[in-house]
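All remarks here apply to the structure that follows.
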Amino acid sequence: MPIFNPTSLNLPHHPFKITQRDDLYFIFDEIRKKHLVLTPEEWVRQHFIRYLIKEKNFPASLLQIEGGLSLNQTRKRSDILVYDNLGEKIMVIECKAPSVAITQATFDQAARYNSVYKARWLAVSNGLQHYYAQIDHTNAKFLFVAQLPDYKDL
């Protein structure tokens with residue numbers, strides 16, 4: 001695996017703890033309390049997590065990172081799953097590397113995960129572009145919004 005060259009993202013900067021061993025870089029995940037290989041997708045995921053906590057006031061204790069789910073008898077991992085104070089799933093967030101364009105396939109992946117979770121919100125980001133949608137499961141509709149609301153307004 002090549003040395004990771006961090007790119008600037010369209011997210012607030014955070015002073016991450018980054019270490020190097022041999023030719024690999026690692027980033028410390030403050031939620032999971034462990035060092036992870038610093039891939040481009042992980043760079044976006046860690047920035048987005050800090051954005052949620054620092055800018056949008058999401059409680060860190062209500063974020064699940066890379067949680068497992070069963071979808072069509074296969075195991076999948078959602079990037080970020082957000083809960084409310086009652087333990088209900090309220091948002092599914094799919095992160096991609098900055099070099100990966102956000103396409104319909106990205107939304108379809110998040111929607112497939114949400115077919116299991118039934119969260120009220122979907123978000124997708126490649127660190128450069130971010131899209132947010134409020135989901136109305138009763139009427140099978142969604143509404144894209146320009147900005148992600150603060151946690152208290154979800």
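Chain labels run A, B, ... following the order of the structure tokens; each chain numbers its residues from 1, and ligands are numbered from 1 in the order shown.
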
Spatial neighbours of Ile49 of chain A, 12 Å, only C-alpha atoms, chain gap at least 5 places, as a ChimeraX atom specification: /A:11-14,16,29-32,42-44,54-66,79-82,93-95,125,127

Tell me which protein, DNA and RNA residues are within 8 Å of segment 129-142 of chain A, counting only C-alpha atoms, leaving out same-chain ones fewer than 6 positions away, and put them as a list in words.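 Non-adjacent residues within range: Asn10, Ile102, Lys118, Ala119, Arg120, Trp121, Leu122, Ala123 and Leu148 of chain A.
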
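Picture a line from atom CA of Thr19 of chain A to atom CA of Tyr51 of chain A; it runs 21.5 Å.
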
Could you pull out the strand (DSSP E) residues of chain A from DSSP and send them as number ranges by chain? A: 18-21, 24-29, 34-37, 63-71, 74-83, 89-95, 121-125, 130-136, 141-145

Store the residues of this selection in a file with C-alpha atoms, as an mmCIF file, in the first residue's frame.
data_model
loop_
_atom_site.group_PDB
_atom_site.id
_atom_site.type_symbol
_atom_site.label_atom_id
_atom_site.label_comp_id
_atom_site.auth_asym_id
_atom_site.auth_seq_id
_atom_site.Cartn_x
_atom_site.Cartn_y
_atom_site.Cartn_z
ATOM 1 C CA ILE A 18 -1.181 10.589 12.525
ATOM 2 C CA THR A 19 1.657 8.122 12.874
ATOM 3 C CA GLN A 20 3.827 6.253 10.401
ATOM 4 C CA ARG A 21 5.130 2.697 10.491
ATOM 5 C CA LEU A 24 2.049 3.102 6.079
ATOM 6 C CA TYR A 25 0.337 6.014 7.762
ATOM 7 C CA PHE A 26 -2.189 5.526 10.558
ATOM 8 C CA ILE A 27 -4.822 7.879 11.935
ATOM 9 C CA PHE A 28 -6.172 7.646 15.469
ATOM 10 C CA ASP A 29 -9.954 7.196 15.509
ATOM 11 C CA LYS A 34 -7.626 2.798 17.851
ATOM 12 C CA HIS A 35 -5.196 3.541 15.030
ATOM 13 C CA LEU A 36 -6.466 2.793 11.528
ATOM 14 C CA VAL A 37 -4.668 2.628 8.202
ATOM 15 C CA LEU A 63 -22.147 7.599 16.463
ATOM 16 C CA GLN A 64 -21.447 4.061 15.300
ATOM 17 C CA ILE A 65 -18.521 3.768 12.904
ATOM 18 C CA GLU A 66 -18.377 0.959 10.341
ATOM 19 C CA GLY A 67 -21.248 -0.938 11.875
ATOM 20 C CA GLY A 68 -22.179 -4.269 10.407
ATOM 21 C CA LEU A 69 -25.510 -5.129 8.835
ATOM 22 C CA SER A 70 -27.014 -8.002 6.890
ATOM 23 C CA LEU A 71 -28.308 -7.132 3.444
ATOM 24 C CA THR A 74 -24.449 -10.724 2.873
ATOM 25 C CA ARG A 75 -22.548 -8.782 5.511
ATOM 26 C CA LYS A 76 -22.025 -5.086 4.795
ATOM 27 C CA ARG A 77 -20.598 -2.143 6.769
ATOM 28 C CA SER A 78 -22.149 1.276 6.956
ATOM 29 C CA ASP A 79 -19.573 4.061 7.339
ATOM 30 C CA ILE A 80 -21.365 6.127 9.987
ATOM 31 C CA LEU A 81 -24.684 5.437 11.680
ATOM 32 C CA VAL A 82 -26.198 8.077 13.952
ATOM 33 C CA TYR A 83 -28.618 7.326 16.784
ATOM 34 C CA LYS A 89 -31.274 5.101 14.045
ATOM 35 C CA ILE A 90 -31.697 8.577 12.556
ATOM 36 C CA MET A 91 -28.975 8.951 9.902
ATOM 37 C CA VAL A 92 -26.895 6.785 7.583
ATOM 38 C CA ILE A 93 -23.726 8.379 6.206
ATOM 39 C CA GLU A 94 -21.732 6.920 3.335
ATOM 40 C CA CYS A 95 -18.176 8.203 2.802
ATOM 41 C CA TRP A 121 -31.724 10.979 7.035
ATOM 42 C CA LEU A 122 -29.148 9.950 4.427
ATOM 43 C CA ALA A 123 -25.840 11.683 3.782
ATOM 44 C CA VAL A 124 -23.094 10.953 1.290
ATOM 45 C CA SER A 125 -19.713 12.649 1.050
ATOM 46 C CA HIS A 130 -21.736 16.462 0.447
ATOM 47 C CA TYR A 131 -25.384 15.597 -0.134
ATOM 48 C CA TYR A 132 -28.081 15.330 2.513
ATOM 49 C CA ALA A 133 -31.585 13.949 2.153
ATOM 50 C CA GLN A 134 -34.472 13.725 4.580
ATOM 51 C CA ILE A 135 -36.376 10.477 4.095
ATOM 52 C CA ASP A 136 -40.156 10.086 4.354
ATOM 53 C CA LYS A 141 -40.193 10.207 -0.753
ATOM 54 C CA PHE A 142 -37.016 12.113 -0.011
ATOM 55 C CA LEU A 143 -36.096 15.769 0.116
ATOM 56 C CA PHE A 144 -32.556 16.982 -0.529
ATOM 57 C CA VAL A 145 -31.403 19.833 1.697
#

My list of candidates is A:Leu52, A:Asn85, A:Lys17, A:Leu38. Which is closest to Pro149 of chain A when distances are computed with only C-alpha atoms?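 Comparing A:Leu52, A:Asn85, A:Lys17, A:Leu38 against Pro149 of chain A, the winner is A:Leu52.
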
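From atom CA of Glu88 of chain A back to atom CA of Asp150 of chain A, the distance works out to 16.9 Å.
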
Using only C-alpha atoms, pick whichever of A:His47, A:Lys33, A:Arg112, A:Lys152 has the shortest atom-to-atom distance to Leu9 of chain A.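 The answer is A:His47, which sits nearest to Leu9 of chain A.
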
Correct to one decimal, the distance atom CA of Asp153 of chain A-atom CA of Ala105 of chain A is 28.2 Å

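In the backbone-derived DSSP annotation, alpha helix (DSSP H) within chain A comprises A:Pro40, A:Glu41, A:Glu42, A:Trp43, A:Val44, A:Arg45, A:Gln46, A:His47, A:Phe48, A:Ile49, A:Arg50, A:Gln104, A:Ala105, A:Thr106, A:Phe107, A:Asp108, A:Gln109, A:Ala110, A:Ala111, A:Arg112, A:Tyr113, A:Asn114, A:Ser115, A:Val116, A:Tyr117.
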